[in-house]
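Everything below belongs to final30.cif, which stores mmCIF, C-alpha atoms and all ligand atoms.
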```cif
data_start
#
loop_
_atom_site.label_atom_id
_atom_site.label_comp_id
_atom_site.auth_asym_id
_atom_site.auth_seq_id
_atom_site.Cartn_x
_atom_site.Cartn_y
_atom_site.Cartn_z
CA MET A 96 196.35 143.83 10.79
CA ASN A 97 195.33 140.52 9.24
CA LEU A 98 197.14 138.15 11.57
CA GLN A 99 196.13 135.03 9.68
CA GLU A 100 197.67 136.38 6.51
CA LEU A 101 200.90 137.31 8.32
CA GLU A 102 201.12 133.83 9.80
CA ARG A 103 200.45 132.24 6.43
CA ILE A 104 203.31 134.18 4.81
CA THR A 105 205.64 133.46 7.72
CA HIS A 106 204.98 129.74 7.55
CA TRP A 107 205.45 129.69 3.80
CA MET A 108 208.84 131.36 4.23
CA VAL A 109 210.18 128.78 6.69
CA ALA A 110 208.52 125.61 5.34
CA ASP A 111 210.05 122.73 3.39
CA SER A 112 213.71 123.35 4.25
CA ARG A 113 213.83 126.51 2.22
CA GLY A 114 215.54 129.77 3.08
CA LEU A 115 215.94 133.36 1.99
CA LEU A 116 218.26 134.97 -0.51
CA ALA A 117 219.40 138.31 0.90
CA ALA A 118 219.98 140.32 -2.29
CA ASP A 119 219.30 143.69 -0.70
CA GLU A 120 222.75 145.25 -0.83
CA SER A 121 222.51 149.02 -1.03
CA THR A 122 223.97 150.65 -4.14
CA GLY A 123 227.15 151.47 -2.20
CA THR A 124 227.60 147.91 -0.90
CA ILE A 125 227.00 146.17 -4.23
CA GLU A 126 229.40 148.63 -5.85
CA LYS A 127 232.10 147.51 -3.39
CA ARG A 128 231.42 143.83 -4.16
CA PHE A 129 231.47 144.48 -7.92
CA LYS A 130 234.61 146.60 -7.77
CA ALA A 131 236.53 143.86 -5.96
CA ILE A 132 236.25 141.71 -9.11
CA GLY A 133 236.37 144.43 -11.72
CA ILE A 134 232.68 144.85 -12.57
CA VAL A 135 231.49 148.41 -13.17
CA SER A 136 228.39 149.13 -11.07
CA THR A 137 225.61 150.68 -13.15
CA GLU A 138 221.87 150.36 -12.82
CA GLU A 139 221.97 147.85 -15.70
CA THR A 140 224.81 145.69 -14.31
CA ARG A 141 223.06 145.59 -10.93
CA ARG A 142 219.82 144.60 -12.67
CA ALA A 143 221.49 141.95 -14.80
CA TYR A 144 223.22 140.48 -11.74
CA ARG A 145 219.99 140.24 -9.76
CA GLU A 146 218.23 138.78 -12.80
CA MET A 147 220.90 136.09 -13.01
CA LEU A 148 220.15 135.10 -9.40
CA PHE A 149 216.35 135.37 -9.51
CA THR A 150 215.99 133.42 -12.78
CA THR A 151 218.21 130.49 -11.77
CA PRO A 152 216.25 127.46 -13.03
CA GLY A 153 214.77 125.38 -10.22
CA VAL A 154 216.11 127.49 -7.35
CA GLU A 155 212.59 127.95 -5.95
CA LYS A 156 212.92 124.45 -4.54
CA PHE A 157 215.42 125.82 -2.01
CA ILE A 158 214.64 129.54 -1.81
CA SER A 159 211.34 130.70 -0.31
CA GLY A 160 211.91 134.45 -0.34
CA ALA A 161 214.20 137.14 -1.70
CA ILE A 162 215.11 140.36 0.06
CA MET A 163 215.50 143.25 -2.36
CA TYR A 164 216.72 146.83 -2.20
CA ASP A 165 214.60 149.84 -3.16
CA GLU A 166 216.15 150.02 -6.64
CA THR A 167 215.81 146.26 -7.19
CA ILE A 168 212.12 145.93 -6.36
CA ARG A 169 211.44 148.51 -9.09
CA GLN A 170 213.43 146.57 -11.70
CA LYS A 171 212.32 143.96 -14.23
CA THR A 172 213.67 140.94 -16.08
CA HIS A 173 214.97 141.72 -19.56
CA ALA A 174 211.63 140.39 -20.83
CA GLY A 175 209.86 143.10 -18.82
CA VAL A 176 208.47 141.14 -15.86
CA PRO A 177 208.88 143.03 -12.57
CA PHE A 178 211.19 141.04 -10.27
CA ALA A 179 208.53 140.88 -7.53
CA GLU A 180 206.03 139.43 -9.99
CA TRP A 181 208.58 136.94 -11.31
CA GLN A 182 209.29 135.72 -7.80
CA THR A 183 205.64 135.52 -6.81
CA ARG A 184 204.91 133.30 -9.82
CA LEU A 185 207.60 130.89 -8.64
CA GLY A 186 206.37 130.83 -5.04
CA ILE A 187 209.26 132.98 -3.85
CA VAL A 188 207.98 135.69 -1.50
CA PRO A 189 209.28 139.17 -2.45
CA GLY A 190 210.83 141.09 0.44
CA ILE A 191 212.30 144.55 0.91
CA LYS A 192 215.02 146.08 3.04
CA VAL A 193 213.47 149.16 4.64
CA ASP A 194 216.13 150.44 7.01
CA LYS A 195 218.27 153.29 5.76
CA GLY A 196 221.58 152.02 7.06
CA THR A 197 223.57 152.85 10.17
CA LYS A 198 225.06 156.04 11.62
CA PRO A 199 227.27 156.63 14.67
CA LEU A 200 225.17 156.58 17.84
CA ALA A 201 225.01 160.07 19.39
CA GLY A 202 226.86 160.05 22.70
CA SER A 203 228.59 156.73 21.94
CA PRO A 204 230.01 157.20 18.45
CA ALA A 205 231.94 153.91 18.36
CA GLU A 206 228.53 152.22 18.21
CA LYS A 207 225.87 152.30 15.53
CA ILE A 208 222.19 153.10 15.33
CA THR A 209 220.02 152.14 12.38
CA GLU A 210 217.99 154.91 10.74
CA GLY A 211 214.83 154.82 8.65
CA LEU A 212 211.77 155.21 10.88
CA ASP A 213 210.72 158.60 9.49
CA GLY A 214 208.16 158.09 6.74
CA LEU A 215 208.34 154.33 7.16
CA ARG A 216 204.55 153.85 7.39
CA GLU A 217 204.11 155.39 3.94
CA ARG A 218 207.07 153.55 2.42
CA LEU A 219 205.67 150.22 3.65
CA GLN A 220 202.39 150.94 1.89
CA GLU A 221 204.24 151.66 -1.33
CA TYR A 222 206.36 148.49 -1.10
CA ARG A 223 203.28 146.40 -0.47
CA GLY A 224 201.82 147.87 -3.65
CA LEU A 225 205.01 146.85 -5.48
CA GLY A 226 204.46 143.24 -4.33
CA ALA A 227 206.54 142.95 -1.13
CA ARG A 228 205.08 140.70 1.55
CA PHE A 229 207.89 140.92 4.08
CA ALA A 230 210.49 143.48 5.14
CA LYS A 231 213.89 143.60 6.78
CA TRP A 232 215.56 145.95 9.25
CA ARG A 233 219.13 145.34 10.44
CA ALA A 234 220.54 146.61 13.71
CA VAL A 235 224.29 146.37 14.20
CA ILE A 236 225.92 145.60 17.54
CA THR A 237 229.69 145.86 17.84
CA ILE A 238 231.75 144.01 20.44
CA GLY A 239 234.80 145.91 21.74
CA GLU A 240 236.36 147.68 24.74
CA GLY A 241 233.41 148.67 26.92
CA ILE A 242 230.87 148.08 24.16
CA PRO A 243 228.12 147.33 23.48
CA THR A 244 226.58 149.72 25.98
CA GLN A 245 223.11 149.12 27.38
CA TYR A 246 222.20 152.41 25.72
CA CYS A 247 223.10 151.06 22.26
CA LEU A 248 221.27 147.76 22.81
CA HIS A 249 218.18 149.60 24.00
CA ALA A 250 218.13 152.23 21.24
CA ASN A 251 218.50 149.59 18.52
CA ALA A 252 215.96 147.22 20.06
CA GLN A 253 213.44 150.02 20.30
CA ALA A 254 213.92 150.95 16.64
CA LEU A 255 213.58 147.29 15.60
CA ALA A 256 210.34 147.00 17.57
CA ARG A 257 208.87 150.22 16.15
CA TYR A 258 209.71 148.98 12.66
CA ALA A 259 208.20 145.54 13.31
CA ALA A 260 204.95 147.00 14.65
CA LEU A 261 204.62 149.24 11.57
CA CYS A 262 205.26 146.27 9.27
CA GLN A 263 202.55 144.19 10.86
CA GLU A 264 200.13 147.12 10.68
CA ALA A 265 200.89 147.33 6.93
CA GLY A 266 200.44 143.58 6.38
CA LEU A 267 204.14 142.82 5.92
CA VAL A 268 206.02 140.16 7.89
CA PRO A 269 208.91 141.84 9.71
CA ILE A 270 212.31 140.22 9.67
CA VAL A 271 213.91 141.40 12.88
CA GLU A 272 217.67 141.39 12.41
CA PRO A 273 219.87 142.27 15.37
CA GLU A 274 223.36 141.46 14.11
CA VAL A 275 226.18 141.08 16.61
CA LEU A 276 229.21 141.55 14.37
CA MET A 277 231.91 138.89 14.16
CA ASP A 278 234.64 141.55 13.80
CA GLY A 279 237.05 141.62 16.72
CA ALA A 280 239.24 139.42 18.87
CA HIS A 281 236.51 138.43 21.35
CA THR A 282 235.95 134.84 22.43
CA ILE A 283 232.86 132.78 21.73
CA GLU A 284 231.94 133.19 25.41
CA ARG A 285 231.80 136.96 24.92
CA CYS A 286 229.62 136.42 21.85
CA VAL A 287 227.29 134.29 24.02
CA GLU A 288 226.98 137.17 26.52
CA VAL A 289 226.42 139.91 23.98
CA THR A 290 224.05 137.92 21.73
CA SER A 291 222.00 136.91 24.80
CA ALA A 292 221.78 140.50 26.07
CA THR A 293 220.81 141.68 22.58
CA LEU A 294 218.07 139.11 22.04
CA LYS A 295 216.64 139.59 25.54
CA ILE A 296 216.17 143.31 25.08
CA VAL A 297 214.88 142.89 21.51
CA PHE A 298 212.10 140.56 22.69
CA ASP A 299 211.29 142.87 25.63
CA GLU A 300 210.81 145.75 23.21
CA LEU A 301 208.83 143.63 20.75
CA TYR A 302 206.47 142.79 23.61
CA ILE A 303 206.12 146.44 24.67
CA HIS A 304 205.42 147.41 21.04
CA ARG A 305 202.71 144.72 20.75
CA VAL A 306 204.40 142.85 17.95
CA VAL A 307 202.74 139.50 17.30
CA LEU A 308 205.52 136.95 17.50
CA GLU A 309 203.65 134.40 15.35
CA GLY A 310 203.86 136.84 12.44
CA MET A 311 207.57 137.67 12.43
CA ILE A 312 210.92 136.07 11.68
CA LEU A 313 214.12 136.50 13.67
CA LYS A 314 217.36 136.90 11.72
CA PRO A 315 220.21 136.63 14.20
CA ASN A 316 223.93 136.06 14.00
CA MET A 317 225.28 132.66 14.94
CA VAL A 318 227.27 132.54 18.16
CA ILE A 319 230.89 132.33 17.01
CA SER A 320 234.40 133.48 17.97
CA GLY A 321 235.46 136.94 16.85
CA MET A 322 237.27 136.80 13.52
CA GLN A 323 240.59 137.82 15.10
CA CYS A 324 240.23 135.60 18.19
CA PRO A 325 243.24 133.26 18.44
CA GLN A 326 241.04 130.38 19.59
CA GLN A 327 238.40 129.69 16.98
CA ALA A 328 235.47 127.58 18.18
CA GLY A 329 234.83 124.57 15.94
CA VAL A 330 231.61 123.81 14.11
CA ASP A 331 230.00 121.68 16.84
CA TRP A 332 230.89 124.19 19.53
CA VAL A 333 229.31 127.00 17.52
CA ALA A 334 226.17 124.89 17.00
CA ARG A 335 225.80 124.10 20.71
CA GLU A 336 226.34 127.68 21.90
CA THR A 337 224.07 129.13 19.22
CA LEU A 338 221.25 126.81 20.20
CA ARG A 339 221.82 127.41 23.90
CA VAL A 340 221.49 131.18 23.46
CA LEU A 341 218.40 130.87 21.25
CA LYS A 342 216.68 128.54 23.72
CA ARG A 343 217.32 131.02 26.52
CA CYS A 344 216.18 134.09 24.65
CA VAL A 345 213.71 133.38 21.81
CA PRO A 346 210.06 132.65 22.64
CA THR A 347 208.71 129.52 20.99
CA ALA A 348 205.85 131.50 19.44
CA VAL A 349 208.35 132.74 16.83
CA PRO A 350 207.89 130.41 13.84
CA GLY A 351 211.30 130.77 12.27
CA ILE A 352 214.88 131.80 12.88
CA MET A 353 216.78 132.49 9.66
CA PHE A 354 220.44 133.21 10.22
CA LEU A 355 222.60 135.82 8.53
CA SER A 356 226.03 134.72 7.35
CA GLY A 357 227.85 137.85 8.55
CA GLY A 358 231.13 137.30 6.70
CA GLN A 359 231.55 133.56 7.23
CA SER A 360 232.72 131.74 4.12
CA ALA A 361 230.04 130.02 2.08
CA GLU A 362 230.95 126.50 3.15
CA VAL A 363 231.43 127.36 6.83
CA ALA A 364 228.04 129.09 6.98
CA THR A 365 226.45 125.94 5.53
CA ALA A 366 228.35 123.64 7.90
CA HIS A 367 227.27 125.71 10.92
CA LEU A 368 223.59 125.68 9.94
CA ASN A 369 223.81 121.95 9.31
CA ALA A 370 225.39 121.28 12.72
CA ILE A 371 222.71 123.35 14.45
CA ASN A 372 219.93 121.38 12.77
CA ALA A 373 221.72 118.08 13.37
CA LEU A 374 221.17 118.70 17.10
CA GLY A 375 217.54 117.72 16.62
CA SER A 376 214.19 119.29 16.09
CA GLN A 377 213.54 122.62 17.86
CA PRO A 378 210.45 124.74 18.58
CA TRP A 379 211.27 127.07 15.68
CA LYS A 380 212.38 126.30 12.11
CA LEU A 381 216.09 127.06 11.77
CA SER A 382 217.05 128.17 8.29
CA PHE A 383 219.17 130.67 6.37
CA SER A 384 218.82 134.21 5.10
CA TYR A 385 222.28 134.57 3.62
CA GLY A 386 223.71 137.34 1.53
CA ARG A 387 227.41 136.80 0.96
CA ALA A 388 227.40 133.07 1.78
CA LEU A 389 224.83 132.42 -0.97
CA GLN A 390 226.06 134.89 -3.54
CA ALA A 391 229.84 135.21 -3.33
CA PRO A 392 230.78 132.05 -5.26
CA ALA A 393 228.24 132.83 -8.00
CA LEU A 394 229.34 136.46 -8.29
CA GLU A 395 232.93 135.31 -8.66
CA VAL A 396 231.93 133.15 -11.65
CA TRP A 397 229.52 135.67 -13.22
CA ARG A 398 231.95 138.63 -13.38
CA GLY A 399 229.47 140.74 -15.30
CA GLN A 400 229.59 138.54 -18.42
CA GLU A 401 226.42 137.23 -20.03
CA THR A 402 228.45 134.25 -21.28
CA ASN A 403 229.10 133.23 -17.65
CA LYS A 404 225.44 133.40 -16.66
CA ALA A 405 224.60 129.69 -16.85
CA ALA A 406 227.76 128.71 -14.95
CA ALA A 407 227.07 131.31 -12.24
CA GLN A 408 223.48 130.10 -11.94
CA SER A 409 224.63 126.54 -11.44
CA VAL A 410 226.95 127.70 -8.63
CA PHE A 411 224.10 129.62 -7.00
CA PHE A 412 221.81 126.61 -7.40
CA HIS A 413 224.40 124.40 -5.73
CA ARG A 414 224.85 126.73 -2.70
CA SER A 415 221.09 127.01 -2.31
CA LYS A 416 220.75 123.24 -2.43
CA CYS A 417 223.50 122.72 0.16
CA ASN A 418 221.91 125.23 2.54
CA SER A 419 218.52 123.63 2.07
CA ALA A 420 220.07 120.27 3.03
CA ALA A 421 221.59 122.01 6.08
CA CYS A 422 218.04 122.89 7.21
CA THR A 423 217.52 119.19 7.94
CA GLY A 424 221.06 118.39 9.08
CA SER A 425 221.59 116.29 5.96
CA TYR A 426 224.36 118.37 4.33
CA THR A 427 227.66 116.56 3.83
CA ALA A 428 231.07 117.66 2.60
CA GLN A 429 230.49 115.10 -0.14
CA MET A 430 227.87 117.40 -1.66
CA GLU A 431 230.60 119.97 -2.32
CA LYS A 432 232.79 117.42 -4.05
CA ALA A 433 229.92 116.14 -6.15
CA ALA A 434 229.52 119.64 -7.57
P1 LIG A 501 225.13 138.30 5.03
O1 LIG A 501 224.57 136.91 5.02
O2 LIG A 501 226.12 138.58 3.95
O3 LIG A 501 225.59 138.71 6.41
O4 LIG A 501 223.93 139.27 4.67
C1 LIG A 501 222.72 139.06 5.27
C2 LIG A 501 222.00 140.32 5.42
O5 LIG A 501 220.89 140.46 4.99
C3 LIG A 501 222.68 141.42 6.12
O6 LIG A 501 221.73 142.39 6.47
#
```
For the file at hand, write its structure as structure tokens.
Ligand code: 13P
Amino acid sequence: MNLQELERITHWMVADSRGLLAADESTGTIEKRFKAIGIVSTEETRRAYREMLFTTPGVEKFISGAIMYDETIRQKTHAGVPFAEWQTRLGIVPGIKVDKGTKPLAGSPAEKITEGLDGLRERLQEYRGLGARFAKWRAVITIGEGIPTQYCLHANAQALARYAALCQEAGLVPIVEPEVLMDGAHTIERCVEVTSATLKIVFDELYIHRVVLEGMILKPNMVISGMQCPQQAGVDWVARETLRVLKRCVPTAVPGIMFLSGGQSAEVATAHLNAINALGSQPWKLSFSYGRALQAPALEVWRGQETNKAAAQSVFFHRSKCNSAACTGSYTAQMEKAA
């Protein structure tokens, strides 16, 4: 492992108020998103959509890395430049989702376990050859009656740590993503409890697996009320509780925390990140690694039509700019109106 190189990549990814574009939807997931607005999902429409995002003029000012899916990292711009090479030229670090999705957890089937460790060492080598310099693995934790169990937290944390150790061995920065889902009627207090328990056990396992914290990025959920909870915590409340949990659970050796959006609307996800950063400077950089919250408005405009490309790119540019401003707490609702 070349630790210096891992640290260099990690710092690049979190520097200068930039964040990550999570464009790593599996074929099934992107098909669902496309279908919802009447786009037929083919290899070419998926390629054209990702090209629209990756070639948005000037977006590299706000986006430091892009997470791709296996199919995507093998694709090229229409002019024949591999996406990973295109990104590298712009100073956007190419990344790859390496987990193979979730399955019911044996013995506790209401919970999920992430698969993908078999053959991972070899796949990481291949992805590095294709230009990837970081990877992502997502564990999913569900809040409900009697769940999450300690068993589920432990099994997922152990898989995350085994993945992260393999990434570092292969010279890839691991993004460690334990996502506590926002589905459910639970309160923000319950989200505090579950997110804390999740992060504690994740960092225990990372330690046991000898993962070097300086060469990784944490991608957590924000601490928010369940989507169906009758009392929804406001933006400042979410910011305070999120920061409280992170301070209790995340070692300061971790250079960056890049949040997922998890189903929050685009503007709410930006407002939350902004409020967190407005609470002052912290030991880690606090930025974004959004999928839906960065893409949804642009996808809505694009609709699979080449003629909509420029308009969709300007929407994506705007969301990226707003989230970059949120990294310094300088985002304002005015920025939305100005657009
Ligand atoms: P969302 O921001 O849409 O939650 O996606 C982020 C991600 O990478 C999920 O794994």
Report task. Quick one: pull the distance between CA of Met147 in chain A and CA of Pro392 in chain A, Å, one decimal. Result ->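 Distance reported for this atom pair: 13.2 Å.
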Report task. For range 423-427 of chain A, work out the shell of residues within 8 Å, counting all atoms listed in the file and skipping chain neighbours fewer than 4 positions away, then give it as a list of chain:residue names. Result ->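 Everything that qualifies: A:Ser112, A:Thr365, A:Ala366, A:Leu368, A:Asn369, A:Ala370, A:Ile371, A:Asn372, A:Ala373, A:Cys417, A:Asn418, A:Ser419, A:Glu431.
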Protein and nucleic acid residues within 9 Å of ligand LIG 501 (chain A) (only C-alpha atoms and all ligand atoms) as an mmCIF file with C-alpha atoms, keeping the file's coordinate frame:
```cif
data_model
loop_
_atom_site.group_PDB
_atom_site.id
_atom_site.type_symbol
_atom_site.label_atom_id
_atom_site.label_comp_id
_atom_site.auth_asym_id
_atom_site.auth_seq_id
_atom_site.Cartn_x
_atom_site.Cartn_y
_atom_site.Cartn_z
ATOM 1 C CA LEU A 116 218.260 134.970 -0.510
ATOM 2 C CA ALA A 117 219.400 138.310 0.900
ATOM 3 C CA ALA A 118 219.980 140.320 -2.290
ATOM 4 C CA ASP A 119 219.300 143.690 -0.700
ATOM 5 C CA GLU A 120 222.750 145.250 -0.830
ATOM 6 C CA ILE A 162 215.110 140.360 0.060
ATOM 7 C CA LYS A 192 215.020 146.080 3.040
ATOM 8 C CA LYS A 231 213.890 143.600 6.780
ATOM 9 C CA TRP A 232 215.560 145.950 9.250
ATOM 10 C CA ARG A 233 219.130 145.340 10.440
ATOM 11 C CA ALA A 234 220.540 146.610 13.710
ATOM 12 C CA GLU A 272 217.670 141.390 12.410
ATOM 13 C CA GLU A 274 223.360 141.460 14.110
ATOM 14 C CA LYS A 314 217.360 136.900 11.720
ATOM 15 C CA ASN A 316 223.930 136.060 14.000
ATOM 16 C CA PHE A 354 220.440 133.210 10.220
ATOM 17 C CA LEU A 355 222.600 135.820 8.530
ATOM 18 C CA SER A 356 226.030 134.720 7.350
ATOM 19 C CA GLY A 357 227.850 137.850 8.550
ATOM 20 C CA GLY A 358 231.130 137.300 6.700
ATOM 21 C CA GLN A 359 231.550 133.560 7.230
ATOM 22 C CA ALA A 364 228.040 129.090 6.980
ATOM 23 C CA PHE A 383 219.170 130.670 6.370
ATOM 24 C CA SER A 384 218.820 134.210 5.100
ATOM 25 C CA TYR A 385 222.280 134.570 3.620
ATOM 26 C CA GLY A 386 223.710 137.340 1.530
ATOM 27 C CA ARG A 387 227.410 136.800 0.960
ATOM 28 C CA ALA A 388 227.400 133.070 1.780
ATOM 29 C CA LEU A 389 224.830 132.420 -0.970
ATOM 30 C CA GLN A 390 226.060 134.890 -3.540
ATOM 31 C CA ALA A 391 229.840 135.210 -3.330
#
```
Requested in this report: Enter the distance from CA of Thr183 in chain A to CA of Lys380 in chain A, in Å, rounded to one decimal.
Outcome: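 Going from CA of Thr183 in chain A over to CA of Lys380 in chain A, I get 22.1 Å.
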Requested in this report: Identify, on the basis of only C-alpha atoms, every residue whose closest approach to Ile236 in chain A does not exceed 8 Å; exclude the query and any residue fewer than 4 positions from it along the same chain; express the result as a PyMOL selection string.
Outcome: chain A and resi 206-207+243+247-248+273-276
Give the centre and edge lengths of an axis-aligned box, in Å to one decimal, that holds all listed atoms of range 240-247 of chain A with 4 Å on each side, as JSON.
```
{"center_x": 229.3, "center_y": 149.9, "center_z": 24.8, "size_x": 22.2, "size_y": 13.1, "size_z": 13.1}
```
Query raised in the report: With only C-alpha atoms as the basis for distance, which of A:Ala179, A:Val154, A:Ala254, A:Met353 is at the shortest distance from Thr197 in chain A?
Result: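 Nearest candidate to Thr197 in chain A out of A:Ala179, A:Val154, A:Ala254, A:Met353: A:Ala254.
CA of Gln400 in chain A lies 11.2 Å from CA of Gly133 in chain A.
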Query raised in the report: With all atoms listed in the file as the basis for distance, which of A:Phe229, A:Tyr222, A:Tyr258, A:Phe129 is at the shortest distance from Ile168 in chain A?
Result: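 Nearest to Ile168 in chain A: A:Tyr222.
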Query raised in the report: So, counting only C-alpha atoms, which residue among A:Leu219, A:Leu148, A:Val318, A:Val109 is closest to Arg414 in chain A?
Result: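 The closest residue to Arg414 in chain A is A:Leu148.
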Query raised in the report: Which residue out of A:Gly153, A:Gly214, A:Pro269, A:Pro199 has the minimum interatomic distance to Gly186 in chain A when only C-alpha atoms are used?
Result: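 Closest to Gly186 in chain A of all the choices is A:Gly153.
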Query raised in the report: Which polymer residues have any atom within 8 Å of an atom of Arg142 in chain A, counting all atoms listed in the file, with same-chain residues fewer than 2 positions away left out, as number ranges by chain?
Result: A: 138-140, 144-146, 167, 170-172
Requested in this report: Please identify all polymer residues lying at most 9 Å from the point (204.3, 132.5, 8.3) (file coordinates), using only C-alpha atoms, and present the result as a VMD selection string.
Outcome: chain A and resid 99 to 110 268 309 to 312 350 to 351
Query raised in the report: Skipping near chain neighbours, those fewer than 6 positions away, what residues fall within 10 Å of Trp397 in chain A using all atoms listed in the file, listed as a list in words?
Result: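 My reading of the contact set: Ile132, Ile134, Tyr144, Met147, Ala391, Asn403, Lys404, Ala405, Ala406, Ala407, Gln408 and Val410 of chain A.
Taking all atoms listed in the file into account, Pro177 in chain A lies nearest to A:Leu225 out of the set A:Ala201, A:Leu225, A:Ala131, A:Val340.
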Requested in this report: Determine, counting all atoms listed in the file, which protein, DNA and RNA residues have an atom within 12 Å of an atom of Cys286 in chain A; residues of the same chain fewer than 4 positions away are not included. Present the result as number ranges by chain.
Outcome: A: 236-239, 242-243, 274-282, 290-294, 316-322, 324, 328, 333, 336-337, 340
Report summary line: One residue among A:Val287, A:Leu301, A:Ala161, A:Leu308 is nearest to Leu341 in chain A when using all atoms listed in the file, and that residue is A:Val287
Would you fill out range 188-202 of chain A with N, CA, C and O atoms and return it as a short mmCIF file (atom, residue, chain, number, x, y, z; two decimals), in the frame of the given file?
```
data_model
loop_
_atom_site.label_atom_id
_atom_site.label_comp_id
_atom_site.auth_asym_id
_atom_site.auth_seq_id
_atom_site.Cartn_x
_atom_site.Cartn_y
_atom_site.Cartn_z
N VAL A 188 208.63 134.49 -2.04
CA VAL A 188 207.98 135.69 -1.50
C VAL A 188 208.91 136.90 -1.67
O VAL A 188 210.07 136.85 -1.24
N PRO A 189 208.44 137.97 -2.31
CA PRO A 189 209.28 139.17 -2.45
C PRO A 189 209.39 139.93 -1.12
O PRO A 189 208.40 140.11 -0.42
N GLY A 190 210.60 140.34 -0.79
CA GLY A 190 210.83 141.09 0.44
C GLY A 190 211.64 142.34 0.16
O GLY A 190 212.25 142.48 -0.90
N ILE A 191 211.64 143.25 1.12
CA ILE A 191 212.30 144.55 0.91
C ILE A 191 213.04 145.02 2.17
O ILE A 191 212.50 144.93 3.26
N LYS A 192 214.26 145.46 1.94
CA LYS A 192 215.02 146.08 3.04
C LYS A 192 214.47 147.48 3.23
O LYS A 192 214.41 148.26 2.28
N VAL A 193 214.06 147.83 4.44
CA VAL A 193 213.47 149.16 4.64
C VAL A 193 214.28 150.06 5.56
O VAL A 193 213.95 151.24 5.71
N ASP A 194 215.31 149.52 6.21
CA ASP A 194 216.13 150.44 7.01
C ASP A 194 216.98 151.28 6.07
O ASP A 194 217.18 150.93 4.91
N LYS A 195 217.46 152.40 6.60
CA LYS A 195 218.27 153.29 5.76
C LYS A 195 219.74 153.28 6.18
O LYS A 195 220.45 154.27 6.00
N GLY A 196 220.17 152.16 6.72
CA GLY A 196 221.58 152.02 7.06
C GLY A 196 221.90 152.56 8.44
O GLY A 196 221.01 153.02 9.17
N THR A 197 223.17 152.49 8.81
CA THR A 197 223.57 152.85 10.17
C THR A 197 224.36 154.16 10.19
O THR A 197 225.00 154.53 9.20
N LYS A 198 224.31 154.80 11.36
CA LYS A 198 225.06 156.04 11.62
C LYS A 198 225.68 155.89 13.01
O LYS A 198 225.19 155.09 13.82
N PRO A 199 226.73 156.67 13.31
CA PRO A 199 227.27 156.63 14.67
C PRO A 199 226.19 157.02 15.69
O PRO A 199 225.37 157.89 15.42
N LEU A 200 226.17 156.32 16.80
CA LEU A 200 225.17 156.58 17.84
C LEU A 200 225.57 157.83 18.62
O LEU A 200 226.69 157.88 19.18
N ALA A 201 224.69 158.81 18.68
CA ALA A 201 225.01 160.07 19.39
C ALA A 201 225.35 159.76 20.84
O ALA A 201 224.63 159.03 21.52
N GLY A 202 226.47 160.27 21.30
CA GLY A 202 226.86 160.05 22.70
C GLY A 202 227.72 158.82 22.89
O GLY A 202 228.34 158.64 23.93
#
```
